[in-house]
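Structure first, commentary second.
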Amino acid sequence: MDGRLVDLNLAYAAYLAQVQGEKTNTYQLAAFYFPENIAALLQRGEPALQALAEVVSFIRQSGTRDVHGPAGEKVTYDPTEIRILPPFQKPEKSFVIGFSDQARVEAMPKPEIPTGFYKLPQTFVTTGAPIVLPKFSQELDADACLAVVIGKSGKRVHPEQAWDYVAGVTLLIDITARDINRREGLTTNNLLGKNFPSSTSIGPAMLVQPARKELEGMEVELSIDGSVKQKFTLRDCAFTVEQIIARWSILGIKPGDWLAIGASMAMAGDRLQNPVPLKIGSMIRCSSPAIGELSHQVVAAGGVR
């Protein structure tokens with residue numbers, strides 16, 4: 001807010017003390033509503049989201065530079081003071097839906113069901129981190145996605161109820177070692193080519209509870225070295241949010257899980273779906289006005305340029 005980052009835990013403690021007159025349990029209540037990670041916050045349900053709305057209103061009224069914790073603690077920070085981590089650390093399920101764009105369907109038969117592949121948590125990075133070209137690959141490329149974040153637990157969710165399980169959305173860049181992925185594809189596997197250090201950029205933030213119309217019309221753009229290579233909305237995808245949640249909730253879904261949509265979405269006219277190769281020094285930027293942007297440089301294994 002106002003170009004600064006807010007510690008919601010301490011800000012809520014300040015709100016409880018200054019507005020609600022709470023004197024004894026401010027820190028305990030703040031820790032309950034604003035735990036250490038977003039997945040835990042989502043598990044708190046609607047009361048935590050109400051607390052979020054209250055503290056945001058409080059900060060806006062007070063001003064980011066005038067708010068301090070109950071004991072005078074620092075509450076807001078300049079972004080340069082903070083190292084941002086991926087918003088989701090260890091989701092139980094983190095999938096990217098494959099072959100999900102209309103351009104792909106024009107060139108190939110449409111799959112009957114929304115298939116997907118895992119993105120393992122140990123591969124997660126967020127904006128500013130280097131994308132490391134792995135030593136085992138000579139052919140790297142990137143795709144932009146929207147990751148739909150699950151807000152409550154469920155299993156075998158009916159499509160008509162799917163939107164009740166959507167807590168928000170974040171950006172994702174799917175980095176692929178295409179030469180490895182191609183070899184794995186011969187045996188219908190899809191793991192190492194999609195999962196290596198820094199192969200999953202996610203964040204930089206989660207947009208909480210966007211309206212369905214807003215989410216479906218949200219534009220995502222991917223540029224490489226300043227040139228726009230991909231642009232899409234969920235309306236351009238072959239499968240709907242309802243279909244994807246209904247399908248993958250067969251495994252059970254929990255708060256903080258995410259299902260990313262939009263991989264391989266090329267600019268209009270590229271029916272061959274040619275991926276844009278990445279090289280040492282390439283600058284990657286994935287952005288959406290409502291969420292923010294992910295920005296990275298590709299570096300060689302063994303050190304940042």
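Identifiers in the structure tokens: chain A, B, ... in order shown; residue index from 1 per chain; ligand index from 1 in order shown.
The list of residues with at least one atom within 12 Å of Arg60 of chain A, based on only C-alpha atoms and without residues fewer than 3 positions apart in the same chain, reads Met1, Asp2, Arg4, Val6, Ala11, Tyr15, Ala53, Glu54, Val55, Val56, Ser57, Gly63, Thr64, Arg65, Asp66 and Val67 of chain A.
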Please provide as a PDB file with C-alpha atoms, in the first residue's frame all residues within 6 Å of segment 117-132 of chain A, with the sequence filter that same-chain residues fewer than 6 positions apart are discarded (counting only C-alpha atoms).
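Below you can see result35.pdb, which holds the result:
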ATOM      1  CA  PRO A  86       6.911 -17.361  -3.205  1.00  0.00           C
ATOM      2  CA  LYS A  90       4.566 -26.295   0.249  1.00  0.00           C
ATOM      3  CA  SER A  94       0.432 -27.765  -7.399  1.00  0.00           C
ATOM      4  CA  PHE A  95      -0.556 -28.563 -10.984  1.00  0.00           C
ATOM      5  CA  VAL A  96      -0.270 -26.932 -14.383  1.00  0.00           C
ATOM      6  CA  PHE A 196      14.400 -28.416 -11.699  1.00  0.00           C
ATOM      7  CA  PRO A 197      15.639 -25.530  -9.522  1.00  0.00           C
ATOM      8  CA  SER A 198      13.880 -22.249 -10.459  1.00  0.00           C
ATOM      9  CA  SER A 199      11.611 -23.898 -13.053  1.00  0.00           C
ATOM     10  CA  THR A 200       8.450 -22.533 -11.372  1.00  0.00           C
ATOM     11  CA  SER A 201       8.102 -18.799 -10.851  1.00  0.00           C
ATOM     12  CA  ILE A 202       5.002 -17.954  -8.812  1.00  0.00           C
ATOM     13  CA  GLY A 203       3.626 -14.762  -7.283  1.00  0.00           C
ATOM     14  CA  LEU A 294       7.260 -11.603 -12.189  1.00  0.00           C
ATOM     15  CA  SER A 295      10.645 -10.543 -13.545  1.00  0.00           C
ATOM     16  CA  HIS A 296      13.736 -12.733 -13.973  1.00  0.00           C
ATOM     17  CA  GLN A 297      17.051 -13.072 -15.765  1.00  0.00           C
ATOM     18  CA  VAL A 298      18.293 -16.413 -17.084  1.00  0.00           C
ATOM     19  CA  VAL A 299      21.733 -17.256 -15.713  1.00  0.00           C
ATOM     20  CA  ALA A 300      24.214 -20.092 -16.121  1.00  0.00           C
ATOM     21  CA  ALA A 301      24.374 -22.853 -13.543  1.00  0.00           C
TER      22      ALA A 301
END
(request) Rank nothing, just name the residue among A:Ile59, A:Gly252, A:Lys155, A:Cys286 nearest to Leu172 of chain A, using only C-alpha atoms. (result)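 Closest candidate: A:Cys286.
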(request) Just give me the gap between atom CA of Arg182 of chain A and atom CA of Phe239 of chain A in Å, one decimal is fine. (result)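 We find that atom CA of Arg182 of chain A and atom CA of Phe239 of chain A lie 23.8 Å from each other.
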(request) List every residue of segment 78-256 of chain A that DSSP, applied to the backbone, labels as strand (DSSP E or B), and write the result as a PyMOL selection string. (result) chain A and resi 94-97+101+116-118+124-125+131-133+140-150+154+166-177+200-208+220-224+227-232+237+253
Please, could you write that set of residues out with C-alpha atoms as an mmCIF file, in the first residue's frame?
data_model
loop_
_atom_site.group_PDB
_atom_site.id
_atom_site.type_symbol
_atom_site.label_atom_id
_atom_site.label_comp_id
_atom_site.auth_asym_id
_atom_site.auth_seq_id
_atom_site.Cartn_x
_atom_site.Cartn_y
_atom_site.Cartn_z
ATOM 1 C CA SER A 94 0.432 -27.765 -7.399
ATOM 2 C CA PHE A 95 -0.556 -28.563 -10.984
ATOM 3 C CA VAL A 96 -0.270 -26.932 -14.383
ATOM 4 C CA ILE A 97 -2.999 -27.915 -16.834
ATOM 5 C CA ASP A 101 -5.255 -23.113 -24.918
ATOM 6 C CA GLY A 116 -1.876 -31.791 -15.963
ATOM 7 C CA PHE A 117 1.587 -32.145 -14.500
ATOM 8 C CA TYR A 118 3.084 -31.484 -11.092
ATOM 9 C CA PHE A 124 9.489 -22.465 -6.674
ATOM 10 C CA VAL A 125 10.986 -18.978 -6.952
ATOM 11 C CA ILE A 131 16.233 -18.575 -13.567
ATOM 12 C CA VAL A 132 19.111 -21.044 -13.685
ATOM 13 C CA LEU A 133 19.763 -22.825 -16.975
ATOM 14 C CA LEU A 140 14.861 -23.866 -22.264
ATOM 15 C CA ASP A 141 11.591 -21.993 -22.797
ATOM 16 C CA ALA A 142 8.841 -20.299 -20.776
ATOM 17 C CA ASP A 143 5.040 -20.108 -20.695
ATOM 18 C CA ALA A 144 2.769 -17.773 -18.750
ATOM 19 C CA CYS A 145 -0.098 -19.068 -16.601
ATOM 20 C CA LEU A 146 -2.726 -17.961 -14.117
ATOM 21 C CA ALA A 147 -2.718 -20.133 -11.004
ATOM 22 C CA VAL A 148 -6.168 -20.486 -9.448
ATOM 23 C CA VAL A 149 -5.738 -20.836 -5.680
ATOM 24 C CA ILE A 150 -8.005 -23.137 -3.661
ATOM 25 C CA GLY A 154 -13.253 -30.520 -0.867
ATOM 26 C CA VAL A 166 -11.655 -20.359 -5.493
ATOM 27 C CA ALA A 167 -9.817 -18.155 -2.980
ATOM 28 C CA GLY A 168 -7.856 -16.088 -5.460
ATOM 29 C CA VAL A 169 -5.316 -16.124 -8.233
ATOM 30 C CA THR A 170 -1.611 -15.534 -8.796
ATOM 31 C CA LEU A 171 0.810 -15.494 -11.718
ATOM 32 C CA LEU A 172 2.998 -18.391 -12.752
ATOM 33 C CA ILE A 173 5.796 -18.892 -15.277
ATOM 34 C CA ASP A 174 6.289 -22.509 -16.310
ATOM 35 C CA ILE A 175 9.936 -23.010 -17.321
ATOM 36 C CA THR A 176 10.547 -26.130 -19.406
ATOM 37 C CA ALA A 177 13.726 -27.951 -20.342
ATOM 38 C CA THR A 200 8.450 -22.533 -11.372
ATOM 39 C CA SER A 201 8.102 -18.799 -10.851
ATOM 40 C CA ILE A 202 5.002 -17.954 -8.812
ATOM 41 C CA GLY A 203 3.626 -14.762 -7.283
ATOM 42 C CA PRO A 204 4.499 -12.077 -6.572
ATOM 43 C CA ALA A 205 1.212 -11.866 -4.665
ATOM 44 C CA MET A 206 -2.203 -13.461 -4.453
ATOM 45 C CA LEU A 207 -5.216 -11.455 -5.564
ATOM 46 C CA VAL A 208 -7.873 -12.343 -2.980
ATOM 47 C CA VAL A 220 -1.770 -12.098 -18.657
ATOM 48 C CA GLU A 221 1.230 -11.120 -20.759
ATOM 49 C CA LEU A 222 4.647 -12.713 -21.150
ATOM 50 C CA SER A 223 7.570 -10.831 -22.676
ATOM 51 C CA ILE A 224 11.130 -11.931 -23.339
ATOM 52 C CA SER A 227 9.177 -8.321 -26.794
ATOM 53 C CA VAL A 228 5.649 -9.612 -26.033
ATOM 54 C CA LYS A 229 5.472 -13.320 -26.826
ATOM 55 C CA GLN A 230 2.225 -14.461 -25.164
ATOM 56 C CA LYS A 231 -1.018 -12.826 -24.149
ATOM 57 C CA PHE A 232 -4.201 -14.532 -22.942
ATOM 58 C CA CYS A 237 -8.455 -21.531 -22.663
ATOM 59 C CA ILE A 253 -8.151 -30.224 -2.652
#
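Distance check against Pro79 of chain A using only C-alpha atoms: of A:Leu5, A:Gly21, A:Tyr27, A:Thr187, the minimum falls on A:Leu5.
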(request) Give me every helix (DSSP H, G or I) residue in segment 59-258 of chain A, going by DSSP on the backbone, as a ChimeraX atom specification. (result) /A:59-62,79-81,102-107,121-123,159-165,178-185,212-216,234-236,241-251
(request) Kindly give the distance, in Å, that separates atom CA of Lys93 of chain A and atom CA of Leu29 of chain A, rounded to a single decimal. (result)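 It comes out at 29.1 Å.
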(message) Report, in Å with one decimal, the straight-line distance from atom CA of Met283 of chain A to atom CA of Asp225 of chain A.
(response)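 The value is 4.9 Å.
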(message) Between A:Lys74, A:Arg83, A:His68, A:Arg178, which residue has the minimum interatomic distance to Pro277 of chain A, considering only C-alpha atoms?
(response) A:Arg178
